[in-house]
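Undergrad: What follows is upload.tsv, TSV, C-alpha atoms and all ligand atoms.
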chain	number	residue	atom	x	y	z
A	1	SER	CA	-3.31	-4.85	29.59
A	2	GLY	CA	-3.39	-8.40	28.22
A	3	SER	CA	-2.13	-11.74	29.44
A	4	LEU	CA	1.01	-13.76	28.85
A	5	THR	CA	1.22	-17.53	29.12
A	6	VAL	CA	4.24	-19.53	30.26
A	7	GLY	CA	4.68	-20.73	26.66
A	8	GLN	CA	4.56	-17.22	25.18
A	9	PHE	CA	6.98	-15.94	27.80
A	10	ALA	CA	9.39	-18.80	27.08
A	11	GLU	CA	9.26	-18.00	23.36
A	12	LYS	CA	10.04	-14.34	23.99
A	13	LEU	CA	13.10	-15.32	26.00
A	14	GLY	CA	14.15	-17.90	23.43
A	15	ARG	CA	14.03	-20.62	26.12
A	16	PRO	CA	12.16	-23.93	26.29
A	17	SER	CA	8.92	-23.80	28.30
A	18	THR	CA	10.28	-26.52	30.59
A	19	ASP	CA	12.99	-24.07	31.75
A	20	ILE	CA	10.36	-21.59	32.85
A	21	ILE	CA	8.25	-24.31	34.47
A	22	LYS	CA	11.30	-25.54	36.42
A	23	LYS	CA	12.06	-22.00	37.59
A	24	LEU	CA	8.45	-21.58	38.68
A	25	MET	CA	8.61	-24.87	40.57
A	26	ALA	CA	11.67	-23.60	42.41
A	27	LEU	CA	9.52	-20.64	43.42
A	28	GLY	CA	6.88	-23.03	44.67
A	29	VAL	CA	4.52	-22.43	41.74
A	30	MET	CA	3.17	-25.40	39.79
A	31	ALA	CA	2.48	-24.24	36.22
A	32	THR	CA	1.62	-25.60	32.79
A	33	LYS	CA	2.61	-24.21	29.40
A	34	ASN	CA	-0.75	-22.56	28.78
A	35	GLN	CA	-1.03	-20.97	32.18
A	36	ASP	CA	-1.25	-17.18	32.43
A	37	LEU	CA	1.54	-15.43	34.33
A	38	ASP	CA	0.80	-12.41	36.50
A	39	LYS	CA	2.83	-9.21	36.21
A	40	GLU	CA	4.91	-9.81	39.36
A	41	THR	CA	5.88	-13.32	38.27
A	42	VAL	CA	6.88	-12.11	34.78
A	43	GLU	CA	9.11	-9.44	36.31
A	44	LEU	CA	10.62	-11.90	38.78
A	45	LEU	CA	11.37	-14.46	36.06
A	46	ALA	CA	12.68	-11.83	33.65
A	47	ALA	CA	15.04	-10.48	36.30
A	48	ASP	CA	16.25	-14.03	36.85
A	49	TYR	CA	17.18	-14.23	33.15
A	50	GLY	CA	18.81	-10.82	33.26
A	51	VAL	CA	16.11	-9.16	31.14
A	52	SER	CA	14.13	-6.11	32.17
A	53	VAL	CA	10.56	-6.26	30.94
A	54	GLU	CA	7.68	-3.86	31.08
A	55	GLU	CA	4.36	-5.61	30.88
A	56	GLU	CA	2.90	-3.01	28.52
A	57	VAL	CA	5.66	-3.55	25.96
A	58	VAL	CA	5.51	-7.36	26.11
A	59	VAL	CA	1.81	-7.21	25.33
A	60	ASP	CA	2.25	-4.64	22.55
A	61	GLU	CA	4.98	-6.63	20.89
A	62	ALA	CA	2.87	-9.78	20.86
A	63	SER	CA	-0.03	-7.89	19.31
A	64	PHE	CA	1.93	-6.31	16.46
A	65	GLU	CA	3.65	-9.58	15.64
A	66	ASP	CA	0.25	-11.23	15.29
A	67	GLU	CA	-0.92	-8.46	12.98
A	68	GLY	CA	1.78	-9.12	10.37
A	69	LEU	CA	1.75	-6.24	7.91
A	70	GLY	CA	-1.45	-4.92	9.41
A	71	ILE	CA	-3.27	-4.62	6.09
A	72	ASP	CA	-6.80	-3.36	6.50
A	73	GLU	CA	-8.81	-4.69	3.53
A	74	GLU	CA	-11.55	-2.10	4.04
A	75	THR	CA	-9.35	0.89	3.29
A	76	ALA	CA	-6.62	-0.82	1.21
A	77	VAL	CA	-5.76	0.56	-2.23
A	78	ILE	CA	-3.86	-0.95	-5.17
A	79	ARG	CA	-0.07	-0.88	-4.83
A	80	PRO	CA	2.66	-1.73	-7.39
A	81	PRO	CA	3.64	-5.41	-7.72
A	82	VAL	CA	7.00	-6.55	-6.31
A	83	VAL	CA	8.73	-8.83	-8.81
A	84	THR	CA	11.65	-11.21	-8.29
A	85	ILE	CA	13.62	-12.42	-11.28
A	86	MET	CA	14.85	-15.96	-10.84
A	87	GLY	CA	16.53	-18.53	-13.02
A	88	HIS	CA	19.60	-20.65	-13.63
A	89	VAL	CA	23.12	-19.18	-13.65
A	90	ASP	CA	23.87	-17.18	-16.83
A	91	HIS	CA	20.32	-17.44	-18.18
A	92	GLY	CA	20.18	-13.64	-18.25
A	93	LYS	CA	18.61	-12.34	-15.02
A	94	THR	CA	20.92	-9.33	-14.69
A	95	THR	CA	20.78	-8.56	-18.41
A	96	LEU	CA	16.98	-8.60	-18.24
A	97	LEU	CA	16.83	-6.24	-15.27
A	98	ASP	CA	19.38	-4.10	-17.03
A	99	SER	CA	17.32	-4.06	-20.17
A	100	ILE	CA	14.23	-3.11	-18.19
A	101	ARG	CA	15.95	-0.15	-16.59
A	102	HIS	CA	17.80	0.81	-19.80
A	103	THR	CA	20.95	0.97	-17.77
A	104	LYS	CA	24.10	-1.04	-17.71
A	105	ILE	CA	24.23	-3.02	-14.50
A	106	THR	CA	26.03	-6.05	-15.96
A	107	ALA	CA	28.95	-3.93	-17.17
A	108	GLY	CA	29.41	-2.41	-13.71
A	109	GLU	CA	29.34	-5.69	-11.82
A	110	ALA	CA	32.54	-7.51	-10.98
A	111	GLY	CA	32.77	-10.34	-13.50
A	112	GLY	CA	29.19	-9.74	-14.54
A	113	ILE	CA	27.96	-11.70	-11.52
A	114	THR	CA	25.28	-10.23	-9.26
A	115	GLN	CA	26.95	-9.35	-5.96
A	116	HIS	CA	24.03	-8.39	-3.79
A	117	ILE	CA	20.32	-7.72	-3.77
A	118	GLY	CA	19.22	-4.42	-5.12
A	119	ALA	CA	15.69	-3.21	-5.61
A	120	TYR	CA	14.50	-0.88	-8.33
A	121	GLN	CA	11.27	0.66	-9.50
A	122	VAL	CA	10.25	1.30	-13.11
A	123	THR	CA	7.17	2.81	-14.71
A	124	HIS	CA	5.38	1.18	-17.64
A	125	ASP	CA	2.16	2.58	-19.14
A	126	GLY	CA	2.02	4.97	-16.20
A	127	LYS	CA	2.07	2.10	-13.70
A	128	LYS	CA	4.90	1.25	-11.33
A	129	ILE	CA	6.60	-2.13	-10.96
A	130	THR	CA	9.21	-2.91	-8.28
A	131	PHE	CA	11.99	-5.34	-9.19
A	132	LEU	CA	14.26	-7.19	-6.80
A	133	ASP	CA	17.56	-8.42	-8.19
A	134	THR	CA	18.25	-11.68	-6.38
A	135	PRO	CA	21.81	-13.02	-6.39
A	136	GLY	CA	20.47	-16.54	-6.41
A	137	HIS	CA	17.97	-18.63	-4.65
A	138	ALA	CA	19.70	-18.46	-1.30
A	139	ALA	CA	18.49	-14.89	-0.89
A	140	PHE	CA	14.91	-15.92	-1.52
A	141	THR	CA	15.14	-18.77	1.01
A	142	THR	CA	16.92	-16.64	3.61
A	143	MET	CA	14.22	-13.99	3.35
A	144	ARG	CA	11.45	-16.49	3.74
A	145	ALA	CA	13.21	-18.30	6.58
A	146	ARG	CA	13.35	-14.95	8.42
A	147	GLY	CA	9.63	-14.52	7.88
A	148	ALA	CA	9.65	-11.99	5.07
A	149	GLU	CA	7.28	-12.66	2.20
A	150	ILE	CA	8.14	-9.84	-0.12
A	151	THR	CA	7.63	-11.17	-3.65
A	152	ASP	CA	4.29	-10.85	-5.44
A	153	ILE	CA	5.32	-12.26	-8.82
A	154	THR	CA	8.28	-14.38	-9.97
A	155	VAL	CA	9.68	-13.96	-13.46
A	156	LEU	CA	11.40	-17.23	-14.28
A	157	VAL	CA	14.15	-16.66	-16.82
A	158	VAL	CA	15.05	-19.71	-18.93
A	159	ALA	CA	17.64	-19.46	-21.69
A	160	ALA	CA	16.22	-20.85	-24.93
A	161	ASP	CA	19.62	-22.29	-25.91
A	162	ASP	CA	20.08	-24.11	-22.60
A	163	GLY	CA	16.63	-25.13	-21.35
A	164	VAL	CA	15.48	-26.18	-17.90
A	165	MET	CA	18.40	-26.56	-15.48
A	166	PRO	CA	18.65	-27.48	-11.75
A	167	GLN	CA	18.23	-23.88	-10.54
A	168	THR	CA	15.24	-23.44	-12.84
A	169	ILE	CA	13.50	-26.25	-10.98
A	170	GLU	CA	14.64	-24.87	-7.62
A	171	ALA	CA	13.12	-21.50	-8.53
A	172	ILE	CA	9.81	-23.16	-9.40
A	173	HIS	CA	9.81	-24.87	-5.99
A	174	HIS	CA	10.55	-21.61	-4.16
A	175	ALA	CA	7.81	-19.73	-5.99
A	176	ARG	CA	5.30	-22.50	-5.34
A	177	ALA	CA	6.22	-22.74	-1.65
A	178	ALA	CA	5.63	-19.00	-1.36
A	179	LYS	CA	2.40	-19.26	-3.43
A	180	VAL	CA	3.76	-16.66	-5.85
A	181	PRO	CA	2.53	-16.64	-9.48
A	182	ILE	CA	5.18	-17.46	-12.10
A	183	ILE	CA	5.61	-15.73	-15.46
A	184	VAL	CA	8.09	-17.50	-17.74
A	185	ALA	CA	10.52	-15.38	-19.75
A	186	VAL	CA	12.08	-17.55	-22.46
A	187	ASN	CA	15.31	-15.63	-22.98
A	188	LYS	CA	18.07	-15.47	-25.62
A	189	ILE	CA	15.66	-16.06	-28.52
A	190	ASP	CA	18.11	-14.08	-30.69
A	191	LYS	CA	20.60	-16.94	-30.55
A	192	PRO	CA	20.80	-19.16	-33.64
A	193	ASN	CA	20.52	-22.31	-31.52
A	194	ALA	CA	17.56	-21.01	-29.49
A	195	ASN	CA	14.74	-23.53	-29.13
A	196	PRO	CA	11.79	-21.91	-27.26
A	197	ASP	CA	9.48	-24.87	-27.99
A	198	HIS	CA	11.89	-27.16	-26.20
A	199	VAL	CA	11.77	-24.88	-23.11
A	200	MET	CA	7.95	-24.90	-23.25
A	201	GLN	CA	8.00	-28.69	-23.47
A	202	GLU	CA	10.38	-29.06	-20.53
A	203	LEU	CA	8.46	-26.61	-18.35
A	204	SER	CA	5.15	-28.33	-19.18
A	205	GLU	CA	6.68	-31.44	-17.64
A	206	GLN	CA	7.19	-29.35	-14.49
A	207	GLY	CA	3.52	-28.35	-14.48
A	208	LEU	CA	4.01	-24.96	-16.13
A	209	VAL	CA	1.86	-25.39	-19.24
A	210	PRO	CA	1.73	-22.42	-21.68
A	211	GLU	CA	-1.62	-20.77	-22.37
A	212	ASP	CA	-1.15	-21.57	-26.08
A	213	TRP	CA	-1.08	-25.25	-25.16
A	214	GLY	CA	-4.20	-25.10	-22.98
A	215	GLY	CA	-2.44	-24.37	-19.72
A	216	ASP	CA	-2.54	-21.27	-17.54
A	217	THR	CA	1.10	-20.18	-17.41
A	218	ILE	CA	2.09	-16.98	-19.19
A	219	PHE	CA	5.18	-17.41	-21.41
A	220	VAL	CA	6.91	-14.42	-23.00
A	221	LYS	CA	9.68	-14.86	-25.55
A	222	ILE	CA	12.40	-12.30	-25.04
A	223	SER	CA	15.94	-11.30	-25.83
A	224	ALA	CA	17.20	-9.43	-22.78
A	225	LYS	CA	20.28	-8.48	-24.79
A	226	LYS	CA	18.46	-7.02	-27.82
A	227	GLY	CA	15.52	-5.67	-25.84
A	228	THR	CA	13.00	-7.87	-27.70
A	229	GLY	CA	9.73	-8.67	-25.89
A	230	ILE	CA	10.51	-6.52	-22.83
A	231	ASP	CA	7.36	-4.42	-23.25
A	232	ASP	CA	5.29	-7.63	-23.58
A	233	LEU	CA	6.82	-8.94	-20.37
A	234	LEU	CA	6.06	-5.72	-18.47
A	235	GLU	CA	2.50	-5.81	-19.79
A	236	MET	CA	2.07	-9.38	-18.58
A	237	ILE	CA	3.41	-8.43	-15.12
A	238	LEU	CA	0.86	-5.61	-14.94
A	239	LEU	CA	-1.87	-7.97	-16.14
A	240	VAL	CA	-1.10	-10.47	-13.36
A	241	ALA	CA	-0.96	-7.59	-10.87
A	242	GLU	CA	-4.36	-6.42	-12.03
A	243	ILE	CA	-5.82	-9.90	-11.53
A	244	GLU	CA	-4.18	-10.46	-8.14
A	245	GLU	CA	-4.99	-6.95	-6.83
A	246	PHE	CA	-2.02	-6.39	-4.51
A	247	LYS	CA	-3.10	-3.83	-1.91
A	248	ALA	CA	-1.85	-1.72	0.99
A	249	ASN	CA	-2.86	1.19	3.25
A	250	PRO	CA	-0.63	4.19	2.46
A	251	GLU	CA	-2.12	6.20	5.35
A	252	LYS	CA	-0.76	3.80	7.99
A	253	LEU	CA	2.62	3.75	9.78
A	254	ALA	CA	5.08	1.81	7.65
A	255	ARG	CA	5.87	-1.91	7.90
A	256	GLY	CA	8.01	-4.05	5.64
A	257	ALA	CA	11.26	-5.94	5.26
A	258	VAL	CA	15.01	-5.44	4.93
A	259	ILE	CA	16.35	-6.16	1.43
A	260	GLU	CA	19.98	-5.65	2.36
A	261	ALA	CA	22.01	-3.87	5.04
A	262	GLN	CA	25.60	-2.97	5.75
A	263	LEU	CA	27.81	-0.76	7.86
A	264	ASP	CA	29.00	2.36	6.07
A	265	LYS	CA	32.14	4.00	7.50
A	266	GLY	CA	30.68	7.47	7.20
A	267	LYS	CA	26.94	6.97	7.46
A	268	GLY	CA	26.82	4.12	10.02
A	269	PRO	CA	24.27	1.33	9.56
A	270	VAL	CA	22.59	1.58	6.14
A	271	ALA	CA	19.59	-0.57	5.22
A	272	THR	CA	17.59	-0.99	2.03
A	273	LEU	CA	13.97	-1.43	3.07
A	274	LEU	CA	10.96	-2.46	1.06
A	275	ILE	CA	7.82	-0.72	2.28
A	276	GLN	CA	5.07	-3.37	2.30
A	277	ASN	CA	2.39	-1.34	4.03
A	278	GLY	CA	1.96	2.27	5.07
A	279	THR	CA	4.20	5.26	4.38
A	280	LEU	CA	7.71	5.71	5.76
A	281	LYS	CA	8.75	9.26	6.67
A	282	ILE	CA	11.90	11.04	7.80
A	283	GLY	CA	12.01	11.10	11.60
A	284	ASP	CA	9.91	7.95	12.04
A	285	PRO	CA	10.81	5.87	15.13
A	286	ILE	CA	11.50	2.41	13.78
A	287	VAL	CA	12.24	-1.12	15.02
A	288	VAL	CA	14.14	-3.23	12.47
A	289	GLY	CA	14.75	-6.85	13.46
A	290	ASN	CA	16.73	-6.65	16.68
A	291	THR	CA	17.70	-3.02	16.29
A	292	PHE	CA	15.92	0.32	16.33
A	293	GLY	CA	16.41	3.98	15.59
A	294	ARG	CA	14.87	6.99	13.93
A	295	VAL	CA	14.85	7.42	10.14
A	296	ARG	CA	17.51	10.10	9.58
A	297	ALA	CA	17.75	10.18	5.78
A	298	MET	CA	16.14	8.31	2.90
A	299	VAL	CA	17.53	7.78	-0.59
A	300	ASN	CA	15.50	6.16	-3.38
A	301	ASP	CA	16.63	3.70	-6.07
A	302	VAL	CA	17.96	6.47	-8.32
A	303	GLY	CA	19.99	8.09	-5.54
A	304	ARG	CA	17.63	10.97	-4.78
A	305	ARG	CA	16.84	12.09	-1.26
A	306	VAL	CA	13.18	11.60	-0.39
A	307	LYS	CA	11.06	12.66	2.59
A	308	LYS	CA	8.39	9.95	2.44
A	309	VAL	CA	7.78	6.72	0.52
A	310	GLY	CA	4.68	4.59	0.08
A	311	PRO	CA	3.90	0.87	-0.40
A	312	SER	CA	6.08	-1.32	-2.68
A	313	THR	CA	8.84	1.30	-2.74
A	314	PRO	CA	12.45	0.35	-2.01
A	315	VAL	CA	14.42	2.93	-0.07
A	316	GLU	CA	17.80	3.16	1.63
A	317	ILE	CA	17.71	4.51	5.15
A	318	THR	CA	20.19	5.65	7.80
A	319	GLY	CA	19.58	6.30	11.49
A	320	LEU	CA	19.62	2.76	12.92
A	321	ASN	CA	21.70	1.83	15.98
A	322	ASN	CA	22.87	-1.41	14.49
A	323	VAL	CA	23.01	-3.32	11.18
A	324	PRO	CA	19.91	-5.50	10.67
A	325	LEU	CA	19.79	-8.68	8.55
A	326	ALA	CA	18.26	-9.23	5.11
A	327	GLY	CA	14.73	-10.50	5.62
A	328	ASP	CA	14.29	-8.79	9.00
A	329	GLN	CA	10.93	-7.14	9.37
A	330	PHE	CA	10.54	-3.50	10.34
A	331	ILE	CA	7.78	-1.58	12.01
A	332	VAL	CA	7.28	2.13	12.67
A	333	PHE	CA	5.88	3.40	15.96
A	334	GLU	CA	4.18	6.65	16.78
A	335	ASP	CA	6.48	7.42	19.68
A	336	GLU	CA	10.19	6.89	19.99
A	337	LYS	CA	10.03	5.55	23.55
A	338	LYS	CA	8.05	2.52	22.46
A	339	ALA	CA	10.38	1.85	19.52
A	340	ARG	CA	13.34	2.06	21.87
A	341	GLN	CA	11.78	-0.26	24.47
A	342	ILE	CA	10.86	-2.92	21.92
A	343	GLY	CA	14.20	-2.54	20.15
A	344	GLU	CA	16.06	-3.01	23.43
A	345	ILE	CA	14.01	-6.06	24.41
A	346	ARG	CA	14.70	-7.63	21.04
A	347	ALA	CA	18.42	-6.84	21.23
A	348	GLU	CA	18.59	-8.41	24.70
A	349	ARG	CA	16.68	-11.44	23.51
A	350	ALA	CA	19.04	-11.84	20.54
A	351	LEU	CA	21.98	-11.62	22.95
A	352	ILE	CA	20.49	-14.34	25.18
A	353	THR	CA	19.97	-16.63	22.17
A	354	GLU	CA	23.50	-15.90	20.96
A	355	ARG	CA	24.94	-16.64	24.41
A	356	LYS	CA	22.98	-19.86	24.57
A	357	GLU	CA	24.29	-20.90	21.14
A	358	THR	CA	27.86	-20.03	22.10
A	359	THR	CA	27.54	-22.00	25.36
A	360	SER	CA	26.22	-25.12	23.67
A	361	LYS	CA	28.89	-24.81	20.97
A	362	VAL	CA	31.64	-24.65	23.58
A	363	SER	CA	30.35	-27.68	25.42
A	364	LEU	CA	30.09	-29.64	22.17
A	365	ASP	CA	33.67	-28.72	21.29
A	366	ASP	CA	34.76	-29.81	24.75
A	367	LEU	CA	33.07	-33.13	24.17
A	368	PHE	CA	34.94	-33.72	20.92
A	369	GLU	CA	38.29	-32.71	22.41
A	370	LYS	CA	38.19	-35.65	24.79
A	401	LIG	P1	24.21	-14.90	-12.74
A	401	LIG	O1	23.93	-13.62	-12.05
A	401	LIG	O2	25.66	-15.24	-12.80
A	401	LIG	O3	23.39	-16.06	-12.25
A	401	LIG	O4	23.80	-14.74	-14.31
A	401	LIG	P2	22.55	-13.99	-14.92
A	401	LIG	O5	21.39	-14.90	-14.97
A	401	LIG	O6	22.36	-12.68	-14.25
A	401	LIG	O7	23.01	-13.81	-16.42
A	401	LIG	P3	23.59	-12.50	-17.11
A	401	LIG	O8	22.55	-11.48	-17.28
A	401	LIG	O9	24.84	-12.10	-16.42
A	401	LIG	O10	23.88	-13.09	-18.56
A	401	LIG	C1	24.79	-14.15	-18.79
A	401	LIG	C2	25.36	-14.04	-20.19
A	401	LIG	O11	24.30	-14.23	-21.14
A	401	LIG	C3	25.98	-12.68	-20.51
A	401	LIG	O12	27.10	-12.87	-21.29
A	401	LIG	C4	24.89	-11.98	-21.30
A	401	LIG	O13	25.39	-11.02	-22.20
A	401	LIG	C5	24.24	-13.13	-22.03
A	401	LIG	N1	22.84	-12.87	-22.37
A	401	LIG	C6	21.85	-12.51	-21.51
A	401	LIG	N2	20.71	-12.36	-22.17
A	401	LIG	C7	20.95	-12.61	-23.48
A	401	LIG	C8	20.15	-12.61	-24.66
A	401	LIG	O14	18.95	-12.31	-24.66
A	401	LIG	N3	20.77	-12.97	-25.82
A	401	LIG	C9	22.09	-13.29	-25.87
A	401	LIG	N4	22.59	-13.62	-27.04
A	401	LIG	N5	22.87	-13.29	-24.78
A	401	LIG	C10	22.31	-12.96	-23.60
A	402	MG	MG	23.22	-11.84	-12.52
Kindly return the structure encoded in the file as structure tokens.
Ligand code: GTP
Ligand code: MG
TA:
Amino acid sequence: SGSLTVGQFAEKLGRPSTDIIKKLMALGVMATKNQDLDKETVELLAADYGVSVEEEVVVDEASFEDEGLGIDEETAVIRPPVVTIMGHVDHGKTTLLDSIRHTKITAGEAGGITQHIGAYQVTHDGKKITFLDTPGHAAFTTMRARGAEITDITVLVVAADDGVMPQTIEAIHHARAAKVPIIVAVNKIDKPNANPDHVMQELSEQGLVPEDWGGDTIFVKISAKKGTGIDDLLEMILLVAEIEEFKANPEKLARGAVIEAQLDKGKGPVATLLIQNGTLKIGDPIVVGNTFGRVRAMVNDVGRRVKKVGPSTPVEITGLNNVPLAGDQFIVFEDEKKARQIGEIRAERALITERKETTSKVSLDDLFEK
């Protein structure tokens, strides 16, 4: 068994440390933020906040959160890159993804606008690449704000007839903040008014200097609509992946992030997960954000039922007790009891935070009513 400080305990409850210190003072205990709490005190305090805690679980949870994805460099093997396509409105993100998959996503979408995040896997030269279809930059920011770092490479789509626009610059900022390499796809080169040199010039001003001009940014000229340059782009993605050496441990229990989730009338909570480490299997006990369950069924990106999936693979699962949020992290446990305990603690903690937010909102409203 490990130790738990006042500060760590406060964080778990979603309360300020001063709250805990005040409570301890009321119990006649003078404590500081970095002081260790004994088991009895933790239980006493937890009961006071209406939370039941088992010491073992508290310690376990802290340790897996510190581990992140739990990648063990010693035994890690190469995994497919996870690519996000970003760019300004109408510059051709969906058409590009569509072109890559040789399917017709744009035609099926309401108004041709991306409605939600999907994730798909393709094979090029015998190597897999995972693509995320972002509906805009909000998704990227939401994911990162929730702690999920899922993108390995960003393909920045810039229309050659339009040039660098506000969301192009936003995308560059997001990719840089996440320390994700950028490949530029200069799109719509089939258009008579296309001016790829102008795009290269504008992006150089943003610090993305083409290799041809002595810089180190890969530029690929494409027409997503005509399918021109798509193979070159895929090759460049695989080249960057080879240099960066993205790795994972397929033999481990799975960890990763939620791409999207919703409630299905028939199936219950449904979540698209991206496996970032390990292998996810049917029957696995799983904690996802503030919910938990057991993986009941898995469907891959082409709608086929699968029994297990490895690193960088997107998969839709059922079997959760509740609907998680995009960007939530998930973790598989060996035994269901532990998954349930941690899931319940997290759900209770979320409820406490929610209650606290509601309370402060009400009092603020009261204030303004006067
Ligand atoms: P949002 O999801 O709304 O941000 O747009 P998007 O970036 O996904 O753009 P989308 O793929 O929907 O393309 C916008 C328009 O540009 C559509 O009418 C496409 O047919 C057109 N388009 C995309 N790529 C090309 C291209 O390479 N050449 C030409 N001529 N048109 C293209
Ligand atoms: Mg789109």
Undergrad: Would you work out the distance separating atom CA of A:Ala261 from atom MG of ligand MG 402 (chain A), expressed in Å to one decimal?
TA: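 Between atom CA of A:Ala261 and atom MG of ligand MG 402 (chain A) the gap is 19.3 Å.
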Undergrad: Could I get the residues of chain A with an atom no further than 6 Å from an atom of ligand LIG 401 (chain A), each paired with its nearest atom pair and that distance in Å to one decimal, using only C-alpha atoms and all ligand atoms, sorted by chain and residue number, as a Markdown table?
TA:
| residue | atom | partner | partner_atom | distance |
| --- | --- | --- | --- | --- |
| A:Val89 | CA | A:LIG401 | O3 | 3.4 |
| A:Asp90 | CA | A:LIG401 | O7 | 3.5 |
| A:His91 | CA | A:LIG401 | O5 | 4.2 |
| A:Gly92 | CA | A:LIG401 | O8 | 3.4 |
| A:Lys93 | CA | A:LIG401 | O5 | 3.8 |
| A:Thr94 | CA | A:LIG401 | O6 | 3.7 |
| A:Thr95 | CA | A:LIG401 | O8 | 3.6 |
| A:Gly112 | CA | A:LIG401 | O9 | 5.3 |
| A:Ile113 | CA | A:LIG401 | O2 | 4.4 |
| A:Thr114 | CA | A:LIG401 | O1 | 4.6 |
| A:Asn187 | CA | A:LIG401 | O14 | 5.2 |
| A:Lys188 | CA | A:LIG401 | O14 | 3.4 |
| A:Asp190 | CA | A:LIG401 | N3 | 5.7 |
| A:Lys191 | CA | A:LIG401 | N4 | 5.2 |
| A:Ser223 | CA | A:LIG401 | O14 | 3.4 |
| A:Ala224 | CA | A:LIG401 | O14 | 3.9 |
| A:Lys225 | CA | A:LIG401 | O14 | 4.1 |
Undergrad: What does the distance between atom CA of A:Ile282 and atom CA of A:Met298 come to in Å, to one decimal place?
TA: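 Distance between the two atoms: 7.0 Å.
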Undergrad: Pick from A:Gly118, A:Gly207, A:Pro196, A:Gly28: nearest to ligand MG 402 (chain A), with all atoms listed in the file counted?
TA: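 Among A:Gly118, A:Gly207, A:Pro196, A:Gly28, it is A:Gly118 that comes nearest to ligand MG 402 (chain A).
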Undergrad: So which one's closest to ligand MG 402 (chain A), A:Lys179, A:His88, A:Lys12, A:Lys39? Using all atoms listed in the file, please.
TA: A:His88
Undergrad: Which residue out of A:Ile345, A:Leu253, A:Leu325, A:Val299 has the minimum interatomic distance to A:Ile71 when only C-alpha atoms are used?
TA: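 Distance minimum relative to A:Ile71 lands on A:Leu253.
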Undergrad: In Å, how far is it from atom CA of A:Leu234 to atom CA of A:Asp72?
TA: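 Atom CA of A:Leu234 sits 28.2 Å away from atom CA of A:Asp72.
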Undergrad: Between A:Pro181, A:Gly214, A:Pro314, A:Gly87, which residue has the minimum interatomic distance to ligand MG 402 (chain A), considering all atoms listed in the file?
TA: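 For ligand MG 402 (chain A), the nearest of the candidates is A:Gly87.
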Undergrad: Counting only C-alpha atoms, what is within 10 Å of A:Val122, bar same-chain residues fewer than 5 positions away, as a list in words?
TA: Pro80, Ile100, Arg101, Lys127, Lys128, Ile129, Thr130, Phe131, Leu234 and Asp301 of chain A
